[in-house]
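K.L.:
Structure incoming, see below.
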Amino acid sequence: MKHLLNTADLSLEEAILLLDTTAQMAATQSREIKKLPTLRGRTVVNLFFEDSTRTRISFETAAKRLSADVINFSAKGSSVSKGESLKDTALTLDAMGADAVIIRHQASGAPHTLAHSGWLDVPVINAGDGTHQHPTQALLDAFTLRRHLGEQLVPAGELPALNNGLGKDLTGRKIAIVGDVLHSRVARSNVFLLHTLGAQVTLVAPPTLVPVGAETWPCEISYHLDEVLRDWQPDAVIMLRIQRERMGGAGGGYFPSPLEYTRNFGLDVRRMNYLADHAIVLHPGPMNRGLEISAQAADSHRSVIVEQVSNGVAVRMAALYLLLAGESQPATSDSNVKAEL
Amino acid sequence: MTSEFDGPAGEAKATEVLASAEISRALTRIAHEIIERNKGGHDLVVLGIPTRGVPLAQRLAARLSDIDPELTTSSILGTLDVTMYRDDLHRQPPRASGQTDIPGDGIDNKVVVLVDDVLFSGRTIRAALDAIKDLGRPRSVQLATLIDRGHRELPIRSDYVGKNLPTSHSERVFVRLSEIDGLDGVFIAGGDK
């Protein structure tokens, strides 16, 4: 695993290694001293071409908790606004000695280009590209799901131990992903990762918000939220944000009105009551309260939305650790040093 | 007492240097030494370093609680993962870090006994000292190892040693414990024969 670009590329072993490492990282985050010396002296660049608060802060926190130096780069106020290309930005970062690049870009595939073009030879982590992939979000969702739905099922509202399900996948668990699948990189990343982990996934969205080609994904597609919640009895429901900034004015014609969307696809208390005792509700944030999720649902005992944020830091620590710590140094002075302990 | 044993990872035949009963005797002696040196079991915490320090620490804690009835195994036993504190991470393939468990009372002002299977370069123990520093401030830290095979690269020594085993650099020492490997024994392999 040289880069983390796409959850479809992750093998089951790699995914479980990431989730297990996350559990250990999360355990260190309840200590008084949260900082680990693991990546001391390494430089991590946050390359953000698109607005983000939680992902950028989460990556920055993760890198700092591992003692790496963090350079934040946002397109606004940089030479990109003067017309600098991605290639020249990458060459600049390479010349400055970056050890890893975390990139968010509005164009799908930009992280892949950065990783494989030969502009710089460091691990690249995709922090969200266009409507393509957001692997660390999928991993943190999977970690949250495994913690709650791992080996033993507990009633929603109880918090199982961090290592619940350690070493295991999500075989047999049923996950519904509801909302704006069309614009959601989170949905795409989750479908492939959860499939790799053995879970069954059903996408629920109005037909206008299901992308062309979704029928080839390893999941079921439904247009009826009530039926899915009542008859399929999912173990978890992942609500997606309606991405109005990508829809153009007046909702862009994807649905007649916000009120109608809420009636048919919003998660409220009535719909939550269909769920089993142990079922939980996730949302990648930021939420549109009152649109895809009601305030009562977002604040209910089933909601693990705040926990997802803290798990996000642990997941990103795990990704940085696994990509950076094992990276072999140039073979120079190592020949006469025996790395045996 | 030279029974042959298949070494790990394609290693040729290995020679047994400690058998199950001798490991058991060594641990019992170490437990008594710990109690003697610390004038009782007051404030003791036993931390095993993964992988094979963990079952050794369990056995040691069980013996300590047998000797001093005030102690219970669960209240003094813990695990200390040092993966994130190693100085050789960039030379080895990334490994999943292990778990750290500290007894409920923490380690502040306690006497911490670190337990590992083989003391070699001393770098694992250096990492463990760094890890302890982030968890609290023990009154003192002591080290118990089943085998001391020499070749230290750092000024670190063991307070309690099961057996001193003079080795050459080319030899490999490996400890097998029934909890992990299904049998007990210390073996030596390789070297010039």
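Every chain in the structure tokens has a letter given in the order shown (A, B, ...), and although residue numbers restart at 1 in each chain, ligands are simply numbered from 1 in the order shown.
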From region 60-146 of chain B, collect each residue whose DSSP state is strand (DSSP E) and return the set as a PyMOL selection string.

P.N.:
chain B and resi 77-79+111-119+140-146

K.L.:
Atoms to include: N, CA and C atoms. Write the selected residues as a PDB file, in the first residue's frame.

P.N.:
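Result written to result-v3.pdb:
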ATOM      1  N   LEU B  77      -1.474  -6.263  36.501  1.00  0.00           N
ATOM      2  CA  LEU B  77      -1.012  -6.698  35.191  1.00  0.00           C
ATOM      3  C   LEU B  77      -1.418  -5.716  34.099  1.00  0.00           C
ATOM      4  N   GLY B  78      -0.516  -5.427  33.185  1.00  0.00           N
ATOM      5  CA  GLY B  78      -0.836  -4.563  32.052  1.00  0.00           C
ATOM      6  C   GLY B  78      -0.017  -4.939  30.835  1.00  0.00           C
ATOM      7  N   THR B  79      -0.285  -4.244  29.736  1.00  0.00           N
ATOM      8  CA  THR B  79       0.431  -4.465  28.484  1.00  0.00           C
ATOM      9  C   THR B  79       0.914  -3.121  27.992  1.00  0.00           C
ATOM     10  N   VAL B 111       5.714   1.223  41.150  1.00  0.00           N
ATOM     11  CA  VAL B 111       6.955   0.574  40.731  1.00  0.00           C
ATOM     12  C   VAL B 111       6.600  -0.279  39.516  1.00  0.00           C
ATOM     13  N   VAL B 112       7.065   0.154  38.356  1.00  0.00           N
ATOM     14  CA  VAL B 112       6.714  -0.547  37.130  1.00  0.00           C
ATOM     15  C   VAL B 112       7.794  -1.577  36.810  1.00  0.00           C
ATOM     16  N   VAL B 113       7.386  -2.816  36.614  1.00  0.00           N
ATOM     17  CA  VAL B 113       8.320  -3.854  36.162  1.00  0.00           C
ATOM     18  C   VAL B 113       7.986  -4.179  34.706  1.00  0.00           C
ATOM     19  N   LEU B 114       8.898  -3.834  33.807  1.00  0.00           N
ATOM     20  CA  LEU B 114       8.717  -4.177  32.395  1.00  0.00           C
ATOM     21  C   LEU B 114       9.134  -5.622  32.187  1.00  0.00           C
ATOM     22  N   VAL B 115       8.380  -6.336  31.367  1.00  0.00           N
ATOM     23  CA  VAL B 115       8.697  -7.744  31.132  1.00  0.00           C
ATOM     24  C   VAL B 115       8.836  -7.978  29.633  1.00  0.00           C
ATOM     25  N   ASP B 116       9.973  -8.539  29.222  1.00  0.00           N
ATOM     26  CA  ASP B 116      10.152  -8.895  27.811  1.00  0.00           C
ATOM     27  C   ASP B 116      10.844 -10.246  27.746  1.00  0.00           C
ATOM     28  N   ASP B 117      10.809 -10.860  26.559  1.00  0.00           N
ATOM     29  CA  ASP B 117      11.382 -12.206  26.490  1.00  0.00           C
ATOM     30  C   ASP B 117      12.903 -12.165  26.371  1.00  0.00           C
ATOM     31  N   VAL B 118      13.423 -11.434  25.360  1.00  0.00           N
ATOM     32  CA  VAL B 118      14.871 -11.419  25.141  1.00  0.00           C
ATOM     33  C   VAL B 118      15.376  -9.984  25.204  1.00  0.00           C
ATOM     34  N   LEU B 119      16.434  -9.751  25.972  1.00  0.00           N
ATOM     35  CA  LEU B 119      17.092  -8.452  25.966  1.00  0.00           C
ATOM     36  C   LEU B 119      18.296  -8.549  25.036  1.00  0.00           C
ATOM     37  N   SER B 140       9.552   4.166  40.107  1.00  0.00           N
ATOM     38  CA  SER B 140      10.751   3.598  39.496  1.00  0.00           C
ATOM     39  C   SER B 140      10.323   2.604  38.420  1.00  0.00           C
ATOM     40  N   VAL B 141      11.250   2.332  37.509  1.00  0.00           N
ATOM     41  CA  VAL B 141      10.992   1.367  36.447  1.00  0.00           C
ATOM     42  C   VAL B 141      12.071   0.303  36.539  1.00  0.00           C
ATOM     43  N   GLN B 142      11.663  -0.951  36.578  1.00  0.00           N
ATOM     44  CA  GLN B 142      12.602  -2.061  36.610  1.00  0.00           C
ATOM     45  C   GLN B 142      12.345  -2.954  35.406  1.00  0.00           C
ATOM     46  N   LEU B 143      13.345  -3.770  35.083  1.00  0.00           N
ATOM     47  CA  LEU B 143      13.240  -4.583  33.876  1.00  0.00           C
ATOM     48  C   LEU B 143      13.480  -6.049  34.206  1.00  0.00           C
ATOM     49  N   ALA B 144      12.548  -6.893  33.769  1.00  0.00           N
ATOM     50  CA  ALA B 144      12.710  -8.341  33.922  1.00  0.00           C
ATOM     51  C   ALA B 144      12.711  -8.974  32.540  1.00  0.00           C
ATOM     52  N   THR B 145      13.755  -9.755  32.225  1.00  0.00           N
ATOM     53  CA  THR B 145      13.766 -10.449  30.940  1.00  0.00           C
ATOM     54  C   THR B 145      14.104 -11.909  31.168  1.00  0.00           C
ATOM     55  N   LEU B 146      13.493 -12.757  30.355  1.00  0.00           N
ATOM     56  CA  LEU B 146      13.748 -14.181  30.491  1.00  0.00           C
ATOM     57  C   LEU B 146      15.179 -14.499  30.056  1.00  0.00           C
TER      58      LEU B 146
END

K.L.:
Can you pull out the residues contacting Ala295 (chain A)? Cut-off 12 Å, using only C-alpha atoms, and skip same-chain residues under 4 positions away; I want them as a PyMOL selection string.

P.N.:
chain A and resi 266-269+287-291+299-300+303

K.L.:
Take the selection from the previous step and output its residues with N, CA and C atoms, as an mmCIF file, in the first residue's frame.

P.N.:
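Listing of out34.cif after writing:
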data_model
loop_
_atom_site.group_PDB
_atom_site.id
_atom_site.type_symbol
_atom_site.label_atom_id
_atom_site.label_comp_id
_atom_site.auth_asym_id
_atom_site.auth_seq_id
_atom_site.Cartn_x
_atom_site.Cartn_y
_atom_site.Cartn_z
ATOM 1 N N GLY A 266 -36.159 11.863 3.931
ATOM 2 C CA GLY A 266 -35.561 12.378 5.158
ATOM 3 C C GLY A 266 -35.706 11.366 6.284
ATOM 4 N N LEU A 267 -34.708 11.325 7.159
ATOM 5 C CA LEU A 267 -34.782 10.414 8.300
ATOM 6 C C LEU A 267 -35.360 11.173 9.482
ATOM 7 N N ASP A 268 -36.520 10.718 9.955
ATOM 8 C CA ASP A 268 -37.121 11.347 11.130
ATOM 9 C C ASP A 268 -37.417 10.255 12.163
ATOM 10 N N VAL A 269 -38.037 10.669 13.268
ATOM 11 C CA VAL A 269 -38.261 9.737 14.364
ATOM 12 C C VAL A 269 -39.177 8.594 13.927
ATOM 13 N N MET A 287 -24.227 18.407 8.268
ATOM 14 C CA MET A 287 -25.633 18.031 8.106
ATOM 15 C C MET A 287 -26.479 19.216 7.656
ATOM 16 N N ASN A 288 -27.503 18.912 6.839
ATOM 17 C CA ASN A 288 -28.587 19.866 6.629
ATOM 18 C C ASN A 288 -29.727 19.425 7.537
ATOM 19 N N ARG A 289 -29.745 19.938 8.761
ATOM 20 C CA ARG A 289 -30.834 19.544 9.659
ATOM 21 C C ARG A 289 -32.166 19.982 9.072
ATOM 22 N N GLY A 290 -33.143 19.092 9.117
ATOM 23 C CA GLY A 290 -34.452 19.427 8.571
ATOM 24 C C GLY A 290 -34.592 19.071 7.114
ATOM 25 N N LEU A 291 -33.482 18.763 6.420
ATOM 26 C CA LEU A 291 -33.600 18.350 5.024
ATOM 27 C C LEU A 291 -33.436 16.829 4.931
ATOM 28 N N ASP A 299 -29.924 14.035 16.879
ATOM 29 C CA ASP A 299 -29.527 14.089 18.286
ATOM 30 C C ASP A 299 -29.961 12.856 19.067
ATOM 31 N N SER A 300 -30.511 11.853 18.392
ATOM 32 C CA SER A 300 -31.065 10.711 19.118
ATOM 33 C C SER A 300 -29.962 9.799 19.633
ATOM 34 N N SER A 303 -27.773 8.068 17.010
ATOM 35 C CA SER A 303 -26.835 8.845 16.198
ATOM 36 C C SER A 303 -25.415 8.699 16.722
#

K.L.:
Find the distance between CA of Thr196 (chain A) and CA of Gly167 (chain A) and write it in Å to one decimal.

P.N.:
14.2 Å

K.L.:
Using only C-alpha atoms, find the one residue out of B:Ile147, B:Leu129, B:Leu89, B:Val186 that sits nearest to chain A.

P.N.:
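Among the listed residues, B:Leu89 lies closest to chain A.
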
K.L.:
Kindly give the distance, in Å, that separates CA of Glu220 (chain A) and CA of Leu10 (chain A), rounded to a single decimal.

P.N.:
21.0 Å

K.L.:
For region 143-148 of chain A, please output as an MDAnalysis selection string all residues within 7 Å (counting only C-alpha atoms; exclusion window: fewer than 2 positions along the same chain).

P.N.:
chainID A and resid 19 139:141 150 153 160 162:165 170 308

K.L.:
From a DSSP pass on the backbone, collect the residues of region 88-187 of chain B flagged as alpha helix (DSSP H) and hand them back as a PyMOL selection string.

P.N.:
chain B and resi 123-135+178-181

K.L.:
Tell me as a PyMOL selection string which residues belonging to chain B come within 12 Å of chain A, counting only C-alpha atoms.

P.N.:
chain B and resi 80-102+106+116-127+130-137+149-154+169-174

K.L.:
Find the spatial neighbours of Leu91 (chain A), counting only C-alpha atoms, within a cut-off of 12 Å - ignore same-chain residues fewer than 6 positions away - and output them as a list in words.

P.N.:
Glu84, Ser85, Gly97, Ala98, Val101, Leu114, Ser117, Gly118, Trp119, Leu120, Asp121 and Val122 of chain A

K.L.:
Dump N, CA and C atoms for the selected residues as a short mmCIF file (atom, residue, chain, number, x, y, z; two decimals), in the first residue's frame?

P.N.:
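Written output follows (part_15.cif):
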data_model
loop_
_atom_site.label_atom_id
_atom_site.label_comp_id
_atom_site.auth_asym_id
_atom_site.auth_seq_id
_atom_site.Cartn_x
_atom_site.Cartn_y
_atom_site.Cartn_z
N GLU A 84 -1.29 28.71 -11.44
CA GLU A 84 -0.29 27.64 -11.41
C GLU A 84 -0.96 26.27 -11.59
N SER A 85 -0.30 25.40 -12.33
CA SER A 85 -0.87 24.09 -12.59
C SER A 85 -0.60 23.15 -11.43
N GLY A 97 10.67 19.11 0.03
CA GLY A 97 10.91 17.94 0.85
C GLY A 97 9.71 17.42 1.60
N ALA A 98 8.54 17.46 0.97
CA ALA A 98 7.37 16.89 1.62
C ALA A 98 7.50 15.37 1.67
N VAL A 101 1.64 13.73 0.84
CA VAL A 101 0.73 14.77 0.39
C VAL A 101 -0.69 14.27 0.58
N LEU A 114 -1.70 12.90 -9.41
CA LEU A 114 -0.59 13.33 -8.57
C LEU A 114 0.28 12.14 -8.15
N SER A 117 1.96 10.36 -11.76
CA SER A 117 2.55 11.10 -12.85
C SER A 117 4.07 11.16 -12.76
N GLY A 118 4.62 10.80 -11.59
CA GLY A 118 6.06 10.90 -11.42
C GLY A 118 6.53 12.29 -11.04
N TRP A 119 5.61 13.19 -10.75
CA TRP A 119 6.01 14.55 -10.34
C TRP A 119 6.68 14.54 -8.97
N LEU A 120 6.16 13.67 -8.11
CA LEU A 120 6.80 13.55 -6.80
C LEU A 120 6.61 12.13 -6.31
N ASP A 121 7.60 11.66 -5.56
CA ASP A 121 7.65 10.25 -5.20
C ASP A 121 7.38 10.09 -3.70
N VAL A 122 6.19 10.46 -3.28
CA VAL A 122 5.82 10.31 -1.87
C VAL A 122 4.41 9.75 -1.81
#

K.L.:
Give me the residues near Arg104 (chain A) as a PyMOL selection string, where near means some atom within 12 Å (using only C-alpha atoms) and where sequence neighbours in that chain fewer than 2 positions away do not count.

P.N.:
chain A and resi 5+45-53+55-56+59+72-75+86+101-102+106-112+114+124-136+185

K.L.:
Which residues, written as a list in words, have at least one atom at most 10 Å from Ile188 (chain B), with only C-alpha atoms counted and residues fewer than 2 positions away on the same chain left out?

P.N.:
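The neighbour list is Phe5, Gly7, Lys13, Ala14, Thr15, Glu16, Val17, Leu18, Leu165, Thr167, Glu171, Arg172, Val173, Phe174, Val175, Val186, Gly190 and Gly191 of chain B.
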
K.L.:
Fewer than 5 positions away in the same chain doesn't count, so skip those; otherwise give me all residues within 10 Å of Asp105 (chain B), counting only C-alpha atoms, as an mmCIF file with C-alpha atoms, in the first residue's frame.

P.N.:
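Done, and the output landed in selection.cif:
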data_model
loop_
_atom_site.group_PDB
_atom_site.id
_atom_site.type_symbol
_atom_site.label_atom_id
_atom_site.label_comp_id
_atom_site.auth_asym_id
_atom_site.auth_seq_id
_atom_site.Cartn_x
_atom_site.Cartn_y
_atom_site.Cartn_z
ATOM 1 C CA ASP B 43 2.563 -0.410 44.398
ATOM 2 C CA VAL B 45 2.662 -2.873 38.265
ATOM 3 C CA SER B 75 -4.852 -5.236 39.445
ATOM 4 C CA ILE B 76 -1.111 -5.325 38.730
ATOM 5 C CA LYS B 110 4.033 2.951 41.111
#

K.L.:
To one decimal place in Å, what is the distance between CA of Pro166 (chain B) and CA of Gly182 (chain B)?

P.N.:
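It comes out at 26.4 Å.
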
K.L.:
Please determine, counting only C-alpha atoms, which residue among B:Gly40, B:Glu179, B:Leu27, B:Gly162 has the shortest atom-to-atom distance to Ala61 (chain B).

P.N.:
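Of B:Gly40, B:Glu179, B:Leu27, B:Gly162, the one nearest Ala61 (chain B), counting only C-alpha atoms, is B:Leu27.
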
K.L.:
Point out the residue among A:Met96, A:Gly172, A:Gln29, A:Ser81 with the least atom-to-atom distance to Thr61 (chain A), counting only C-alpha atoms.

P.N.:
A:Gln29
